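**Student:** Below is target24.pdb; it holds PDB, C-alpha atoms and all ligand atoms.
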ATOM      1  CA  MET A   6      52.959-224.178-112.259  1.00  0.00           C
ATOM      2  CA  THR A   7      55.365-222.405-114.608  1.00  0.00           C
ATOM      3  CA  THR A   8      58.477-224.274-115.695  1.00  0.00           C
ATOM      4  CA  HIS A   9      61.398-222.302-117.114  1.00  0.00           C
ATOM      5  CA  GLY A  10      63.988-223.206-119.723  1.00  0.00           C
ATOM      6  CA  SER A  11      66.895-221.481-121.415  1.00  0.00           C
ATOM      7  CA  CYS A  12      69.795-221.979-123.815  1.00  0.00           C
ATOM      8  CA  LEU A  13      73.475-222.213-122.889  1.00  0.00           C
ATOM      9  CA  CYS A  14      74.122-218.463-123.152  1.00  0.00           C
ATOM     10  CA  GLY A  15      70.821-217.559-121.508  1.00  0.00           C
ATOM     11  CA  ALA A  16      69.725-215.208-124.291  1.00  0.00           C
ATOM     12  CA  VAL A  17      66.822-217.443-125.338  1.00  0.00           C
ATOM     13  CA  ARG A  18      64.294-218.181-122.605  1.00  0.00           C
ATOM     14  CA  PHE A  19      60.927-219.864-122.569  1.00  0.00           C
ATOM     15  CA  VAL A  20      58.267-221.096-120.181  1.00  0.00           C
ATOM     16  CA  PHE A  21      55.516-223.676-120.202  1.00  0.00           C
ATOM     17  CA  GLU A  22      52.615-224.315-117.875  1.00  0.00           C
ATOM     18  CA  GLU A  23      51.791-227.973-118.309  1.00  0.00           C
ATOM     19  CA  ALA A  24      53.649-231.057-119.414  1.00  0.00           C
ATOM     20  CA  ALA A  25      51.533-233.480-121.403  1.00  0.00           C
ATOM     21  CA  GLY A  26      53.932-236.288-122.230  1.00  0.00           C
ATOM     22  CA  PRO A  27      55.296-238.337-123.754  1.00  0.00           C
ATOM     23  CA  PHE A  28      58.782-237.787-122.391  1.00  0.00           C
ATOM     24  CA  GLU A  29      60.939-239.777-124.773  1.00  0.00           C
ATOM     25  CA  ILE A  30      64.657-240.329-125.043  1.00  0.00           C
ATOM     26  CA  CYS A  31      65.270-240.409-128.797  1.00  0.00           C
ATOM     27  CA  HIS A  32      68.400-242.144-130.023  1.00  0.00           C
ATOM     28  CA  CYS A  33      67.800-241.480-133.740  1.00  0.00           C
ATOM     29  CA  ASN A  34      70.963-240.386-135.463  1.00  0.00           C
ATOM     30  CA  ARG A  35      69.545-236.921-136.053  1.00  0.00           C
ATOM     31  CA  CYS A  36      68.756-236.268-132.408  1.00  0.00           C
ATOM     32  CA  ARG A  37      72.176-237.683-131.533  1.00  0.00           C
ATOM     33  CA  LYS A  38      73.921-235.252-133.854  1.00  0.00           C
ATOM     34  CA  LEU A  39      71.779-232.332-132.753  1.00  0.00           C
ATOM     35  CA  SER A  40      72.502-233.002-129.083  1.00  0.00           C
ATOM     36  CA  GLY A  41      76.035-234.371-129.468  1.00  0.00           C
ATOM     37  CA  ALA A  42      75.016-237.141-127.067  1.00  0.00           C
ATOM     38  CA  GLN A  43      73.767-240.754-127.096  1.00  0.00           C
ATOM     39  CA  GLY A  44      70.226-239.483-127.325  1.00  0.00           C
ATOM     40  CA  MET A  45      67.981-236.495-126.873  1.00  0.00           C
ATOM     41  CA  PRO A  46      65.480-236.478-124.021  1.00  0.00           C
ATOM     42  CA  ALA A  47      62.454-234.465-125.132  1.00  0.00           C
ATOM     43  CA  ILE A  48      59.344-233.716-123.111  1.00  0.00           C
ATOM     44  CA  SER A  49      56.052-232.827-124.790  1.00  0.00           C
ATOM     45  CA  VAL A  50      54.190-229.899-123.238  1.00  0.00           C
ATOM     46  CA  LEU A  51      50.885-228.230-124.110  1.00  0.00           C
ATOM     47  CA  SER A  52      51.339-225.589-126.834  1.00  0.00           C
ATOM     48  CA  ASN A  53      48.800-223.213-125.343  1.00  0.00           C
ATOM     49  CA  GLY A  54      50.870-222.829-122.170  1.00  0.00           C
ATOM     50  CA  TYR A  55      54.191-222.574-123.964  1.00  0.00           C
ATOM     51  CA  ARG A  56      55.824-219.270-124.872  1.00  0.00           C
ATOM     52  CA  MET A  57      59.206-217.875-125.758  1.00  0.00           C
ATOM     53  CA  THR A  58      59.863-215.034-123.317  1.00  0.00           C
ATOM     54  CA  GLN A  59      63.189-213.753-124.590  1.00  0.00           C
ATOM     55  CA  GLY A  60      65.624-214.014-127.514  1.00  0.00           C
ATOM     56  CA  ARG A  61      63.232-214.844-130.356  1.00  0.00           C
ATOM     57  CA  GLU A  62      65.407-212.782-132.730  1.00  0.00           C
ATOM     58  CA  LEU A  63      68.367-215.114-132.095  1.00  0.00           C
ATOM     59  CA  ILE A  64      66.613-218.265-133.261  1.00  0.00           C
ATOM     60  CA  THR A  65      67.883-219.912-136.425  1.00  0.00           C
ATOM     61  CA  SER A  66      66.139-222.808-138.169  1.00  0.00           C
ATOM     62  CA  TYR A  67      67.555-225.799-139.954  1.00  0.00           C
ATOM     63  CA  SER A  68      65.766-228.432-142.056  1.00  0.00           C
ATOM     64  CA  ALA A  69      67.678-231.690-142.436  1.00  0.00           C
ATOM     65  CA  PRO A  70      67.690-233.589-145.759  1.00  0.00           C
ATOM     66  CA  ILE A  71      64.591-235.786-146.029  1.00  0.00           C
ATOM     67  CA  LEU A  72      65.235-239.455-145.241  1.00  0.00           C
ATOM     68  CA  TYR A  73      61.912-241.197-145.888  1.00  0.00           C
ATOM     69  CA  GLY A  74      59.412-238.482-146.782  1.00  0.00           C
ATOM     70  CA  PRO A  75      58.210-235.049-145.721  1.00  0.00           C
ATOM     71  CA  PRO A  76      58.065-233.323-143.343  1.00  0.00           C
ATOM     72  CA  ALA A  77      61.783-232.685-142.901  1.00  0.00           C
ATOM     73  CA  TYR A  78      63.444-233.065-139.511  1.00  0.00           C
ATOM     74  CA  GLN A  79      63.418-229.510-138.199  1.00  0.00           C
ATOM     75  CA  SER A  80      65.669-227.949-135.668  1.00  0.00           C
ATOM     76  CA  GLN A  81      65.794-224.503-134.174  1.00  0.00           C
ATOM     77  CA  PHE A  82      68.800-223.335-132.257  1.00  0.00           C
ATOM     78  CA  CYS A  83      70.300-220.278-130.599  1.00  0.00           C
ATOM     79  CA  SER A  84      72.525-218.523-133.124  1.00  0.00           C
ATOM     80  CA  LYS A  85      74.703-217.235-130.283  1.00  0.00           C
ATOM     81  CA  CYS A  86      75.481-220.458-128.389  1.00  0.00           C
ATOM     82  CA  GLY A  87      74.119-223.290-130.575  1.00  0.00           C
ATOM     83  CA  SER A  88      71.763-224.866-128.029  1.00  0.00           C
ATOM     84  CA  PRO A  89      68.923-226.790-129.679  1.00  0.00           C
ATOM     85  CA  LEU A  90      65.591-225.143-128.872  1.00  0.00           C
ATOM     86  CA  PRO A  91      61.948-226.199-128.821  1.00  0.00           C
ATOM     87  CA  THR A  92      60.604-226.264-132.385  1.00  0.00           C
ATOM     88  CA  PRO A  93      56.885-225.510-132.152  1.00  0.00           C
ATOM     89  CA  ASP A  94      54.614-226.465-135.018  1.00  0.00           C
ATOM     90  CA  PRO A  95      51.737-223.932-135.160  1.00  0.00           C
ATOM     91  CA  GLY A  96      49.171-226.623-135.948  1.00  0.00           C
ATOM     92  CA  GLU A  97      50.103-228.938-133.079  1.00  0.00           C
ATOM     93  CA  GLU A  98      48.619-229.153-129.595  1.00  0.00           C
ATOM     94  CA  SER A  99      51.965-229.947-128.050  1.00  0.00           C
ATOM     95  CA  VAL A 100      55.571-228.884-128.417  1.00  0.00           C
ATOM     96  CA  GLU A 101      58.640-231.006-127.718  1.00  0.00           C
ATOM     97  CA  ILE A 102      61.249-229.487-125.463  1.00  0.00           C
ATOM     98  CA  PRO A 103      64.840-230.758-125.279  1.00  0.00           C
ATOM     99  CA  ALA A 104      64.793-231.601-121.578  1.00  0.00           C
ATOM    100  CA  GLY A 105      68.384-230.524-120.950  1.00  0.00           C
ATOM    101  CA  LEU A 106      67.264-226.909-121.436  1.00  0.00           C
ATOM    102  CA  LEU A 107      64.982-226.978-118.397  1.00  0.00           C
ATOM    103  CA  ASP A 108      65.972-224.896-115.385  1.00  0.00           C
ATOM    104  CA  ASP A 109      63.175-226.263-113.195  1.00  0.00           C
ATOM    105  CA  ASP A 110      61.947-229.738-112.363  1.00  0.00           C
ATOM    106  CA  PRO A 111      59.193-230.522-114.897  1.00  0.00           C
ATOM    107  CA  ARG A 112      57.696-233.016-112.379  1.00  0.00           C
ATOM    108  CA  TRP A 113      57.547-235.591-115.139  1.00  0.00           C
ATOM    109  CA  LEU A 114      59.847-238.518-115.868  1.00  0.00           C
ATOM    110  CA  PRO A 115      60.952-240.142-119.139  1.00  0.00           C
ATOM    111  CA  ASP A 116      58.639-242.956-120.212  1.00  0.00           C
ATOM    112  CA  LYS A 117      60.512-244.690-123.023  1.00  0.00           C
ATOM    113  CA  HIS A 118      63.536-244.948-125.289  1.00  0.00           C
ATOM    114  CA  ILE A 119      62.836-244.620-129.015  1.00  0.00           C
ATOM    115  CA  PHE A 120      64.826-245.406-132.171  1.00  0.00           C
ATOM    116  CA  THR A 121      66.857-247.843-130.121  1.00  0.00           C
ATOM    117  CA  GLU A 122      68.559-249.240-133.255  1.00  0.00           C
ATOM    118  CA  PHE A 123      70.665-246.114-133.151  1.00  0.00           C
ATOM    119  CA  VAL A 124      72.004-246.441-129.612  1.00  0.00           C
ATOM    120  CA  PRO A 125      75.729-246.056-130.269  1.00  0.00           C
ATOM    121  CA  SER A 126      78.176-248.875-129.569  1.00  0.00           C
ATOM    122  CA  TRP A 127      79.773-246.928-126.722  1.00  0.00           C
ATOM    123  CA  ASP A 128      76.526-246.536-124.838  1.00  0.00           C
ATOM    124  CA  ARG A 129      74.029-248.940-123.306  1.00  0.00           C
ATOM    125  CA  ILE A 130      70.565-248.365-121.955  1.00  0.00           C
ATOM    126  CA  SER A 131      70.824-249.099-118.257  1.00  0.00           C
ATOM    127  CA  ASP A 132      67.316-248.300-117.037  1.00  0.00           C
ATOM    128  CA  ASP A 133      64.093-250.301-117.157  1.00  0.00           C
ATOM    129  CA  LEU A 134      62.102-247.995-119.453  1.00  0.00           C
ATOM    130  CA  PRO A 135      60.387-249.597-122.452  1.00  0.00           C
ATOM    131  CA  GLN A 136      62.481-249.631-125.607  1.00  0.00           C
ATOM    132  CA  TYR A 137      60.938-248.906-129.011  1.00  0.00           C
ATOM    133  CA  ASP A 138      62.862-249.590-132.182  1.00  0.00           C
ATOM    134  CA  MET A 139      61.528-247.949-135.331  1.00  0.00           C
ATOM    135  CA  LYS A 140      59.145-250.791-136.246  1.00  0.00           C
ATOM    136  CA  ARG A 141      57.588-250.885-132.796  1.00  0.00           C
ATOM    137  CA  LEU A 142      57.394-247.093-132.657  1.00  0.00           C
ATOM    138  CA  ILE A 143      55.592-246.740-136.006  1.00  0.00           C
ATOM    139  CA  LEU A 144      53.184-249.459-134.948  1.00  0.00           C
ATOM    140  CA  HIS A 145      52.603-247.680-131.630  1.00  0.00           C
ATOM    141  CA  ARG A 146      52.227-244.158-133.084  1.00  0.00           C
ATOM    142  CA  GLU A 147      50.596-244.766-136.453  1.00  0.00           C
ATOM    143  CA  ALA A 148      49.226-248.315-136.145  1.00  0.00           C
ATOM    144  CA  ARG A 149      51.231-249.087-139.270  1.00  0.00           C
ATOM    145  CA  VAL A 150      53.400-252.129-139.924  1.00  0.00           C
ATOM    146  CA  LEU A 151      56.679-251.458-141.677  1.00  0.00           C
ATOM    147  CA  PRO A 152      57.483-253.924-144.484  1.00  0.00           C
ATOM    148  CA  ASP A 153      59.971-256.721-143.780  1.00  0.00           C
ATOM    149  CA  ASP A 154      62.432-255.244-146.272  1.00  0.00           C
ATOM    150  CA  PHE A 155      62.309-251.805-144.645  1.00  0.00           C
ATOM    151  CA  GLU A 156      65.795-250.344-144.464  1.00  0.00           C
ATOM    152  CA  LEU A 157      66.961-247.838-141.921  1.00  0.00           C
ATOM    153  CA  ARG A 158      68.505-244.740-143.414  1.00  0.00           C
ATOM    154  CA  THR A 159      70.776-242.280-141.726  1.00  0.00           C
ATOM    155  CA  HIS A 160      71.771-238.715-142.314  1.00  0.00           C
ATOM    156  CA  TYR A 161      75.350-239.942-142.314  1.00  0.00           C
ATOM    157  CA  ASP A 162      74.689-242.107-145.387  1.00  0.00           C
ATOM    158  CA  ASP A 163      73.291-239.069-147.208  1.00  0.00           C
ATOM    159  CA  VAL A 164      76.362-237.031-146.436  1.00  0.00           C
ATOM    160  CA  GLN A 165      78.652-239.838-147.596  1.00  0.00           C
ATOM    161  CA  GLY A 166      76.805-240.016-150.913  1.00  0.00           C
ATOM    162  CA  THR A 167      77.390-236.392-151.826  1.00  0.00           C
TER
HETATM  163 ZN    ZN B 201      72.075-219.117-126.515  1.00  0.00          ZN
HETATM  164 ZN    ZN B 202      65.163-238.342-132.852  1.00  0.00          ZN
END
Output the file's structure as structure tokens, nothing else.
Ligand SMILES: [Zn+2]
Ligand SMILES: [Zn+2]
**Tutor:**
Amino acid sequence: MTTHGSCLCGAVRFVFEEAAGPFEICHCNRCRKLSGAQGMPAISVLSNGYRMTQGRELITSYSAPILYGPPAYQSQFCSKCGSPLPTPDPGEESVEIPAGLLDDDPRWLPDKHIFTEFVPSWDRISDDLPQYDMKRLILHREARVLPDDFELRTHYDDVQGT
């Protein structure tokens, strides 16, 4: 079943056929700044059923300064209205879609909160979904243990240093 999405001005439109999960609410400071909210809910869908149907010429890309190592945090957005857009990676089987863009029910629910260290002081997580801080997330995704002296970095720190 086709699910539709669009930006604030409606010039950029896309569809996908099948959600694949995960459906994560990311509180990392980059997703917070991109969304202007306490976190960005993003649903992963299968790349082969995803396509931009309108407004491709309006898409602008941004690469954030690297925090830990490549690849850079990438964002694509509508140059007319500023809505963040799906940022497909040609080599990947899935594409993450900012869930607020969806115009239809994706028939899929969020499954976890990630980067929970960055939940801002004015917000609190009030649901029962699992919470993954960065250490737990890296262990879960990459089966890698972060060192005890690992320090969180933020885009904000970078900006302050320049
Ligand atoms: Zn737009
Ligand atoms: Zn994030």
**Student:** Quick one: apply the PyMOL selection byres (((chain A and resi 24-27) around 8) and not hetatm) to the file and drop the selected residues here as a VMD selection string.
**Tutor:** chain A and resid 21 to 23 28 to 29 48 to 51 99 111 113 115 to 116
**Student:** Give me the result of the PyMOL selection byres (((not hetatm)) within 12 of (chain B and resi 201)) on this file, residue by residue, as a list in words.
**Tutor:**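 Expected selection for the PyMOL selection byres (((not hetatm)) within 12 of (chain B and resi 201)) here is Gly10, Ser11, Cys12, Leu13, Cys14, Gly15, Ala16, Val17, Arg18, Phe19, Gln59, Gly60, Arg61, Glu62, Leu63, Ile64, Thr65, Gln81, Phe82, Cys83, Ser84, Lys85, Cys86, Gly87, Ser88, Pro89, Leu90 and Leu106 of chain A.
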**Student:** Which residues are near ligand ZN 202 (chain B) in this structure, taking near to mean any atom at most 7 Å from a ligand atom and counting all atoms listed in the file? Format them as an mmCIF file with C-alpha atoms, in the coordinates of the input.
**Tutor:**
data_model
loop_
_atom_site.group_PDB
_atom_site.id
_atom_site.type_symbol
_atom_site.label_atom_id
_atom_site.label_comp_id
_atom_site.auth_asym_id
_atom_site.auth_seq_id
_atom_site.Cartn_x
_atom_site.Cartn_y
_atom_site.Cartn_z
ATOM 1 C CA CYS A 31 65.270 -240.409 -128.797
ATOM 2 C CA HIS A 32 68.400 -242.144 -130.023
ATOM 3 C CA CYS A 33 67.800 -241.480 -133.740
ATOM 4 C CA ASN A 34 70.963 -240.386 -135.463
ATOM 5 C CA ARG A 35 69.545 -236.921 -136.053
ATOM 6 C CA CYS A 36 68.756 -236.268 -132.408
ATOM 7 C CA MET A 45 67.981 -236.495 -126.873
#
**Student:** What's the 10 Å shell around Tyr137 of chain A, counting only C-alpha atoms, without same-chain residues fewer than 2 positions away, as a list in words?
**Tutor:**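 That gives Cys31, Lys117, His118, Ile119, Phe120, Thr121, Glu122, Leu134, Pro135, Met139, Lys140, Arg141, Leu142, Ile143, Leu144 and His145 of chain A.
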**Student:** Please dump the current selection as a PDB file, in the coordinates of the input; keep C-alpha atoms.
**Tutor:**
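As a result, out-v7.pdb now contains:
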ATOM      1  CA  CYS A  31      65.270-240.409-128.797  1.00  0.00           C
ATOM      2  CA  LYS A 117      60.512-244.690-123.023  1.00  0.00           C
ATOM      3  CA  HIS A 118      63.536-244.948-125.289  1.00  0.00           C
ATOM      4  CA  ILE A 119      62.836-244.620-129.015  1.00  0.00           C
ATOM      5  CA  PHE A 120      64.826-245.406-132.171  1.00  0.00           C
ATOM      6  CA  THR A 121      66.857-247.843-130.121  1.00  0.00           C
ATOM      7  CA  GLU A 122      68.559-249.240-133.255  1.00  0.00           C
ATOM      8  CA  LEU A 134      62.102-247.995-119.453  1.00  0.00           C
ATOM      9  CA  PRO A 135      60.387-249.597-122.452  1.00  0.00           C
ATOM     10  CA  MET A 139      61.528-247.949-135.331  1.00  0.00           C
ATOM     11  CA  LYS A 140      59.145-250.791-136.246  1.00  0.00           C
ATOM     12  CA  ARG A 141      57.588-250.885-132.796  1.00  0.00           C
ATOM     13  CA  LEU A 142      57.394-247.093-132.657  1.00  0.00           C
ATOM     14  CA  ILE A 143      55.592-246.740-136.006  1.00  0.00           C
ATOM     15  CA  LEU A 144      53.184-249.459-134.948  1.00  0.00           C
ATOM     16  CA  HIS A 145      52.603-247.680-131.630  1.00  0.00           C
TER      17      HIS A 145
END
**Student:** Adding 4 Å on each side of the box along x, y and z that holds all listed atoms of segment 129-148 of chain A, could you give its centre and edge lengths in Å to one decimal, as lines of an AutoDock Vina configuration file?
**Tutor:**
center_x = 61.6
center_y = -247.5
center_z = -126.7
size_x = 32.8
size_y = 14.7
size_z = 27.4
**Student:** If I take atom CA of Ile30 of chain A and atom CA of Asp153 of chain A, how far is one from the other in Å, to one decimal?
**Tutor:**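 So the two atoms, atom CA of Ile30 of chain A and atom CA of Asp153 of chain A, lie 25.3 Å apart.
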**Student:** I would like the residues chosen by the PyMOL selection byres (((chain A and resi 72-79) around 12) and not hetatm) on the shown file; could you give them as a ChimeraX atom specification?
**Tutor:** /A:33-36,39,65-71,80-82,89-94,101,155-164
**Student:** In Å, how far is it from atom CA of Val150 of chain A to atom CA of Gln136 of chain A?
**Tutor:**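 Computing it gives 17.1 Å between the two atoms.
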**Student:** Please compute the atom CA of Tyr55 of chain A-atom CA of Ser40 of chain A distance, one decimal, in Å.
**Tutor:**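 According to the coordinates, atom CA of Tyr55 of chain A and atom CA of Ser40 of chain A are separated by 21.7 Å.
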**Student:** Hey, which of A:Arg129, A:Ser52, A:Arg37, A:Asp154 ends up closest to Gly96 of chain A? Count all atoms listed in the file.
**Tutor:**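 Residue with the minimum atom-to-atom distance to Gly96 of chain A: A:Ser52.
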**Student:** At a cut-off of 8 Å from (73.3, -241.0, -127.3) in the coordinates of the file, what residues are picked up using all atoms listed in the file, written as a VMD selection string?
**Tutor:** chain A and resid 32 37 41 to 45 124 to 125 128
**Student:** Write out N, CA and C atoms for segment 28-39 of chain A, as an mmCIF file, keeping the file's coordinate frame.
**Tutor:**
data_model
loop_
_atom_site.group_PDB
_atom_site.id
_atom_site.type_symbol
_atom_site.label_atom_id
_atom_site.label_comp_id
_atom_site.auth_asym_id
_atom_site.auth_seq_id
_atom_site.Cartn_x
_atom_site.Cartn_y
_atom_site.Cartn_z
ATOM 1 N N PHE A 28 57.440 -238.270 -122.683
ATOM 2 C CA PHE A 28 58.782 -237.787 -122.391
ATOM 3 C C PHE A 28 59.713 -238.898 -122.884
ATOM 4 N N GLU A 29 60.202 -238.705 -124.098
ATOM 5 C CA GLU A 29 60.939 -239.777 -124.773
ATOM 6 C C GLU A 29 62.421 -239.452 -124.885
ATOM 7 N N ILE A 30 63.233 -240.487 -124.779
ATOM 8 C CA ILE A 30 64.657 -240.329 -125.043
ATOM 9 C C ILE A 30 64.897 -240.894 -126.440
ATOM 10 N N CYS A 31 65.148 -239.994 -127.396
ATOM 11 C CA CYS A 31 65.270 -240.409 -128.797
ATOM 12 C C CYS A 31 66.730 -240.617 -129.150
ATOM 13 N N HIS A 32 67.017 -241.823 -129.652
ATOM 14 C CA HIS A 32 68.400 -242.144 -130.023
ATOM 15 C C HIS A 32 68.611 -242.054 -131.533
ATOM 16 N N CYS A 33 67.636 -241.532 -132.283
ATOM 17 C CA CYS A 33 67.800 -241.480 -133.740
ATOM 18 C C CYS A 33 69.057 -240.674 -134.058
ATOM 19 N N ASN A 34 69.652 -240.989 -135.200
ATOM 20 C CA ASN A 34 70.963 -240.386 -135.463
ATOM 21 C C ASN A 34 70.880 -238.882 -135.615
ATOM 22 N N ARG A 35 69.690 -238.371 -135.925
ATOM 23 C CA ARG A 35 69.545 -236.921 -136.053
ATOM 24 C C ARG A 35 69.532 -236.260 -134.677
ATOM 25 N N CYS A 36 68.767 -236.818 -133.769
ATOM 26 C CA CYS A 36 68.756 -236.268 -132.408
ATOM 27 C C CYS A 36 70.128 -236.419 -131.751
ATOM 28 N N ARG A 37 70.833 -237.516 -132.094
ATOM 29 C CA ARG A 37 72.176 -237.683 -131.533
ATOM 30 C C ARG A 37 73.102 -236.580 -132.016
ATOM 31 N N LYS A 38 73.029 -236.292 -133.315
ATOM 32 C CA LYS A 38 73.921 -235.252 -133.854
ATOM 33 C C LYS A 38 73.532 -233.869 -133.342
ATOM 34 N N LEU A 39 72.239 -233.636 -133.238
ATOM 35 C CA LEU A 39 71.779 -232.332 -132.753
ATOM 36 C C LEU A 39 72.238 -232.107 -131.311
#
